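Have a look at entry.txt below; it lists compact mmCIF, C-alpha atoms.
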```
# COMPACT_ATOMS: atom_id res chain seq x y z
CA MET O 1 47.42 143.05 125.28
CA SER O 2 44.06 143.65 126.79
CA ASN O 3 43.47 144.57 130.40
CA SER O 4 41.66 141.28 131.16
CA HIS O 5 44.58 139.30 129.71
CA HIS O 6 47.00 141.12 132.04
CA HIS O 7 44.69 140.41 134.97
CA GLN O 8 44.50 136.68 134.13
CA LEU O 9 48.27 136.52 133.74
CA ALA O 10 48.73 138.17 137.14
CA LEU O 11 46.37 135.64 138.75
CA VAL O 12 48.28 132.71 137.23
CA GLU O 13 51.59 134.17 138.46
CA GLU O 14 50.13 134.63 141.95
CA ARG O 15 48.90 131.00 142.11
CA LEU O 16 52.27 129.69 140.88
CA GLY O 17 54.08 131.73 143.52
CA LEU O 18 51.83 130.40 146.27
CA LYS O 19 52.37 126.78 145.13
CA ILE O 20 56.16 127.23 145.03
CA ALA O 21 56.12 128.83 148.49
CA ALA O 22 54.07 125.93 149.87
CA ARG O 23 56.47 123.34 148.40
CA LEU O 24 59.48 125.18 149.78
CA SER O 25 57.87 125.36 153.22
CA GLU O 26 57.21 121.60 153.15
CA ALA O 27 60.82 120.83 152.12
CA CYS O 28 62.21 123.18 154.76
CA ASP O 29 61.87 120.47 157.46
CA ALA O 30 64.25 118.13 155.55
CA VAL O 31 67.18 120.60 155.45
CA PRO O 32 69.40 121.67 158.36
CA HIS O 33 68.14 124.49 160.56
CA ASP O 34 70.63 127.17 159.39
CA VAL O 35 69.90 126.45 155.70
CA GLY O 36 66.17 126.56 156.42
CA GLU O 37 66.54 129.95 158.10
CA ARG O 38 68.50 131.35 155.15
CA LEU O 39 65.81 130.05 152.76
CA ARG O 40 63.06 131.54 154.90
CA HIS O 41 64.87 134.90 154.95
CA ALA O 42 65.33 134.79 151.12
CA ARG O 43 61.62 133.97 150.70
CA MET O 44 60.64 136.92 152.87
CA GLN O 45 62.84 139.24 150.80
CA ALA O 46 61.38 137.91 147.53
CA VAL O 47 57.82 138.41 148.77
CA ALA O 48 58.66 141.97 149.85
CA ARG O 49 60.14 142.77 146.41
CA ARG O 50 57.35 141.29 144.33
CA LYS O 51 55.35 143.58 142.13
CA GLN O 52 52.21 144.93 143.67
CA PRO O 53 49.17 144.76 141.33
CA ARG O 54 48.08 148.13 139.99
CA ASN O 55 44.45 149.06 140.26
CA ALA O 56 44.44 152.14 138.06
CA ALA O 57 41.18 153.62 136.91
CA ALA O 58 40.70 153.89 133.18
CA GLU O 59 40.98 157.43 131.87
CA ALA O 60 39.42 156.95 128.44
CA VAL O 61 37.16 154.65 126.49
CA LEU O 62 38.57 153.77 123.10
CA PRO O 63 36.16 152.35 120.54
CA LEU O 64 37.49 149.22 118.86
CA GLY O 65 35.07 147.90 116.29
CA HIS O 66 31.95 146.55 117.97
CA ALA O 67 33.53 146.74 121.43
CA ALA O 68 35.11 149.37 123.61
CA ALA O 69 38.43 149.10 125.41
CA LEU O 70 39.49 151.07 128.44
CA GLY O 71 42.63 153.09 127.94
CA GLY O 72 44.69 155.62 129.74
CA PRO O 73 47.93 157.53 129.48
CA GLY O 74 50.63 155.72 127.59
CA GLN O 75 48.13 153.91 125.39
CA GLU O 76 49.13 155.14 121.98
CA SER O 77 46.64 154.84 119.18
CA SER O 78 47.53 154.52 115.57
CA TRP O 79 46.59 157.04 112.90
CA TRP O 80 44.03 154.52 111.60
CA LEU O 81 42.23 154.41 114.97
CA ARG O 82 42.21 158.22 115.16
CA LEU O 83 40.77 158.40 111.65
CA VAL O 84 38.03 155.93 112.57
CA MET O 85 37.15 158.03 115.62
CA VAL O 86 36.98 161.29 113.63
CA LEU O 87 35.16 159.83 110.61
CA PRO O 88 31.59 159.83 112.10
CA VAL O 89 31.92 163.50 113.12
CA LEU O 90 33.21 164.38 109.66
CA VAL O 91 30.30 162.57 107.98
CA LEU O 92 27.82 164.37 110.26
CA VAL O 93 29.26 167.81 109.43
CA ILE O 94 29.25 167.08 105.68
CA GLY O 95 25.62 165.91 105.94
CA LEU O 96 24.53 169.04 107.80
CA VAL O 97 26.24 171.30 105.24
CA ALA O 98 24.57 169.41 102.38
CA ILE O 99 21.13 169.73 104.00
CA ASP O 100 21.68 173.47 104.53
CA ARG O 101 22.62 173.98 100.88
CA VAL O 102 19.64 171.98 99.62
CA LEU O 103 17.25 174.02 101.77
CA ASP O 104 18.85 177.29 100.59
CA ASP O 105 18.53 176.20 96.95
CA ARG O 106 14.87 175.26 97.46
CA ALA O 107 14.06 178.66 99.01
CA ALA O 108 15.90 180.49 96.20
CA LYS O 109 13.95 178.54 93.57
CA GLU O 110 10.64 179.41 95.22
CA MET O 111 11.54 183.12 95.28
CA ALA O 112 12.65 182.92 91.65
CA LYS O 113 9.26 181.46 90.67
CA VAL O 114 7.46 184.34 92.42
CA ASP O 115 9.74 186.90 90.75
CA ALA O 116 9.24 185.28 87.34
CA ALA O 117 5.47 185.30 87.79
CA LEU O 118 5.56 188.99 88.70
CA LEU O 119 7.74 189.93 85.75
CA MET O 120 5.84 187.88 83.15
CA ASP O 121 2.37 188.94 84.23
CA ASP O 122 0.69 192.04 82.76
CA LEU O 123 -0.63 193.73 85.86
CA PRO O 124 -1.09 197.40 86.60
CA PRO O 125 1.27 198.82 89.27
CA VAL O 126 -1.67 199.34 91.64
CA ALA O 127 -2.17 195.55 91.83
CA TYR O 128 1.23 195.12 93.52
CA THR O 129 0.09 197.24 96.50
CA ASP O 130 -3.04 195.14 97.07
CA PRO O 131 -2.78 193.28 100.44
CA GLY O 132 -4.24 190.07 98.95
CA PHE O 133 -1.82 190.04 96.02
CA ALA O 134 0.96 188.19 97.88
CA GLN O 135 -1.55 185.51 98.89
CA PHE O 136 -2.73 185.26 95.28
CA LEU O 137 0.83 184.77 94.08
CA ARG O 138 1.53 182.09 96.68
CA LEU O 139 -1.56 180.15 95.66
CA ASN O 140 -0.85 180.41 91.93
CA VAL O 141 2.86 179.59 92.20
CA GLY O 142 2.09 176.67 94.51
CA SER O 143 -0.39 175.22 91.99
CA THR O 144 2.07 175.42 89.04
CA ARG O 145 4.59 173.00 90.59
```
So, in terms of structure tokens, how does the structure I just supplied come out?
Amino acid sequence: MSNSHHHQLALVEERLGLKIAARLSEACDAVPHDVGERLRHARMQAVARRKQPRNAAAEAVLPLGHAAALGGPGQESSWWLRLVMVLPVLVLVIGLVAIDRVLDDRAAKEMAKVDAALLMDDLPPVAYTDPGFAQFLRLNVGSTR
């Protein structure tokens, strides 16, 4: 049951108790004095023993579909609810790993293109020490895509 349902139920019980107490007080004048006193004493004991409403603060927010429910200790969740709570984190981690692998593959392919261009080209060894050679390779490899 939800927390609001418990609260509404408690309010209905409280109103019913007040109505019964009022009726008993009205009928108390029609009974003999000693019976009325015993009834009054029994009513006082019943009121003293009644359950006091709990105003406990919620300790957790549990997502339930498009809404959220407040929960606390003793509120057991099923394995399905736990799976639904973990699923978004799992999807996020899988997505981040996939993005990392795609970026690594892209960088490796770019380096492979540069290496292939160096190995297939007929250049003298002195050309590899030229400071502008790396820039030349980047421009040529970039234009062959």
- Query: atom CA of Arg106 of chain O to atom CA of Leu92 of chain O: how many Å, to one decimal?
  - Reply: 21.2 Å
- With all atoms listed in the file as the basis for distance, which of O:Leu90, O:His6, O:Leu137, O:Ser78 is at the shortest distance from Ala116 of chain O?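 Of the candidates, the smallest distance to Ala116 of chain O is held by O:Leu137.
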- Atom pair atom CA of Ala107 of chain O / atom CA of Phe133 of chain O: separation (Å):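 Result for atom CA of Ala107 of chain O versus atom CA of Phe133 of chain O: 19.8 Å, one decimal.
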- Query: Which is closest to Ala22 of chain O among O:Val102, O:Leu87, O:Arg40, O:Val114, if we use only C-alpha atoms?
  - Reply: O:Arg40
For segment 87-118 of chain O, which lacks atoms in the input, supply N, CA and C atoms and format the output as a PDB file, in the coordinates of the input.
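Result file selection_38.pdb:
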```
ATOM      1  N   LEU O  87      35.990 160.021 111.799  1.00  0.00           N
ATOM      2  CA  LEU O  87      35.160 159.830 110.610  1.00  0.00           C
ATOM      3  C   LEU O  87      33.668 160.076 110.847  1.00  0.00           C
ATOM      4  N   PRO O  88      33.026 159.563 111.907  1.00  0.00           N
ATOM      5  CA  PRO O  88      31.590 159.830 112.100  1.00  0.00           C
ATOM      6  C   PRO O  88      31.282 161.326 112.257  1.00  0.00           C
ATOM      7  N   VAL O  89      32.142 162.057 112.946  1.00  0.00           N
ATOM      8  CA  VAL O  89      31.920 163.500 113.120  1.00  0.00           C
ATOM      9  C   VAL O  89      32.032 164.199 111.770  1.00  0.00           C
ATOM     10  N   LEU O  90      33.014 163.796 110.979  1.00  0.00           N
ATOM     11  CA  LEU O  90      33.210 164.380 109.660  1.00  0.00           C
ATOM     12  C   LEU O  90      32.004 164.124 108.759  1.00  0.00           C
ATOM     13  N   VAL O  91      31.483 162.907 108.779  1.00  0.00           N
ATOM     14  CA  VAL O  91      30.300 162.570 107.980  1.00  0.00           C
ATOM     15  C   VAL O  91      29.094 163.394 108.431  1.00  0.00           C
ATOM     16  N   LEU O  92      28.935 163.573 109.730  1.00  0.00           N
ATOM     17  CA  LEU O  92      27.820 164.370 110.260  1.00  0.00           C
ATOM     18  C   LEU O  92      27.910 165.818 109.791  1.00  0.00           C
ATOM     19  N   VAL O  93      29.092 166.411 109.858  1.00  0.00           N
ATOM     20  CA  VAL O  93      29.260 167.810 109.430  1.00  0.00           C
ATOM     21  C   VAL O  93      28.986 167.945 107.933  1.00  0.00           C
ATOM     22  N   ILE O  94      29.496 167.028 107.131  1.00  0.00           N
ATOM     23  CA  ILE O  94      29.250 167.080 105.680  1.00  0.00           C
ATOM     24  C   ILE O  94      27.747 166.945 105.401  1.00  0.00           C
ATOM     25  N   GLY O  95      27.065 166.067 106.113  1.00  0.00           N
ATOM     26  CA  GLY O  95      25.620 165.910 105.940  1.00  0.00           C
ATOM     27  C   GLY O  95      24.849 167.161 106.286  1.00  0.00           C
ATOM     28  N   LEU O  96      25.232 167.820 107.392  1.00  0.00           N
ATOM     29  CA  LEU O  96      24.530 169.040 107.800  1.00  0.00           C
ATOM     30  C   LEU O  96      24.759 170.168 106.787  1.00  0.00           C
ATOM     31  N   VAL O  97      25.967 170.278 106.253  1.00  0.00           N
ATOM     32  CA  VAL O  97      26.240 171.300 105.240  1.00  0.00           C
ATOM     33  C   VAL O  97      25.439 171.025 103.982  1.00  0.00           C
ATOM     34  N   ALA O  98      25.345 169.758 103.576  1.00  0.00           N
ATOM     35  CA  ALA O  98      24.570 169.410 102.380  1.00  0.00           C
ATOM     36  C   ALA O  98      23.089 169.731 102.566  1.00  0.00           C
ATOM     37  N   ILE O  99      22.542 169.425 103.733  1.00  0.00           N
ATOM     38  CA  ILE O  99      21.130 169.730 104.000  1.00  0.00           C
ATOM     39  C   ILE O  99      20.899 171.240 103.956  1.00  0.00           C
ATOM     40  N   ASP O 100      21.810 172.016 104.545  1.00  0.00           N
ATOM     41  CA  ASP O 100      21.680 173.470 104.530  1.00  0.00           C
ATOM     42  C   ASP O 100      21.676 174.008 103.103  1.00  0.00           C
ATOM     43  N   ARG O 101      22.560 173.497 102.266  1.00  0.00           N
ATOM     44  CA  ARG O 101      22.620 173.980 100.880  1.00  0.00           C
ATOM     45  C   ARG O 101      21.376 173.603 100.099  1.00  0.00           C
ATOM     46  N   VAL O 102      20.850 172.399 100.323  1.00  0.00           N
ATOM     47  CA  VAL O 102      19.640 171.980  99.620  1.00  0.00           C
ATOM     48  C   VAL O 102      18.465 172.876 100.025  1.00  0.00           C
ATOM     49  N   LEU O 103      18.353 173.163 101.318  1.00  0.00           N
ATOM     50  CA  LEU O 103      17.250 174.020 101.770  1.00  0.00           C
ATOM     51  C   LEU O 103      17.403 175.441 101.219  1.00  0.00           C
ATOM     52  N   ASP O 104      18.629 175.963 101.165  1.00  0.00           N
ATOM     53  CA  ASP O 104      18.850 177.290 100.590  1.00  0.00           C
ATOM     54  C   ASP O 104      18.487 177.314  99.102  1.00  0.00           C
ATOM     55  N   ASP O 105      18.868 176.282  98.380  1.00  0.00           N
ATOM     56  CA  ASP O 105      18.530 176.200  96.950  1.00  0.00           C
ATOM     57  C   ASP O 105      17.018 176.147  96.740  1.00  0.00           C
ATOM     58  N   ARG O 106      16.333 175.387  97.577  1.00  0.00           N
ATOM     59  CA  ARG O 106      14.870 175.260  97.460  1.00  0.00           C
ATOM     60  C   ARG O 106      14.200 176.611  97.700  1.00  0.00           C
ATOM     61  N   ALA O 107      14.650 177.346  98.730  1.00  0.00           N
ATOM     62  CA  ALA O 107      14.060 178.660  99.010  1.00  0.00           C
ATOM     63  C   ALA O 107      14.348 179.637  97.875  1.00  0.00           C
ATOM     64  N   ALA O 108      15.562 179.585  97.316  1.00  0.00           N
ATOM     65  CA  ALA O 108      15.900 180.490  96.200  1.00  0.00           C
ATOM     66  C   ALA O 108      15.037 180.179  94.975  1.00  0.00           C
ATOM     67  N   LYS O 109      14.777 178.912  94.723  1.00  0.00           N
ATOM     68  CA  LYS O 109      13.950 178.540  93.570  1.00  0.00           C
ATOM     69  C   LYS O 109      12.504 179.022  93.743  1.00  0.00           C
ATOM     70  N   GLU O 110      12.003 178.921  94.976  1.00  0.00           N
ATOM     71  CA  GLU O 110      10.640 179.410  95.220  1.00  0.00           C
ATOM     72  C   GLU O 110      10.553 180.915  95.015  1.00  0.00           C
ATOM     73  N   MET O 111      11.554 181.664  95.488  1.00  0.00           N
ATOM     74  CA  MET O 111      11.540 183.120  95.280  1.00  0.00           C
ATOM     75  C   MET O 111      11.693 183.459  93.798  1.00  0.00           C
ATOM     76  N   ALA O 112      12.467 182.679  93.081  1.00  0.00           N
ATOM     77  CA  ALA O 112      12.650 182.920  91.650  1.00  0.00           C
ATOM     78  C   ALA O 112      11.334 182.695  90.896  1.00  0.00           C
ATOM     79  N   LYS O 113      10.558 181.706  91.320  1.00  0.00           N
ATOM     80  CA  LYS O 113       9.260 181.460  90.670  1.00  0.00           C
ATOM     81  C   LYS O 113       8.319 182.639  90.894  1.00  0.00           C
ATOM     82  N   VAL O 114       8.323 183.190  92.129  1.00  0.00           N
ATOM     83  CA  VAL O 114       7.460 184.340  92.420  1.00  0.00           C
ATOM     84  C   VAL O 114       7.905 185.540  91.588  1.00  0.00           C
ATOM     85  N   ASP O 115       9.221 185.777  91.532  1.00  0.00           N
ATOM     86  CA  ASP O 115       9.740 186.900  90.750  1.00  0.00           C
ATOM     87  C   ASP O 115       9.412 186.736  89.268  1.00  0.00           C
ATOM     88  N   ALA O 116       9.537 185.521  88.760  1.00  0.00           N
ATOM     89  CA  ALA O 116       9.240 185.280  87.340  1.00  0.00           C
ATOM     90  C   ALA O 116       7.755 185.506  87.062  1.00  0.00           C
ATOM     91  N   ALA O 117       6.899 185.094  87.980  1.00  0.00           N
ATOM     92  CA  ALA O 117       5.470 185.300  87.790  1.00  0.00           C
ATOM     93  C   ALA O 117       5.139 186.794  87.792  1.00  0.00           C
ATOM     94  N   LEU O 118       5.806 187.558  88.659  1.00  0.00           N
ATOM     95  CA  LEU O 118       5.560 188.990  88.700  1.00  0.00           C
ATOM     96  C   LEU O 118       6.040 189.684  87.412  1.00  0.00           C
TER      97      LEU O 118
END
```
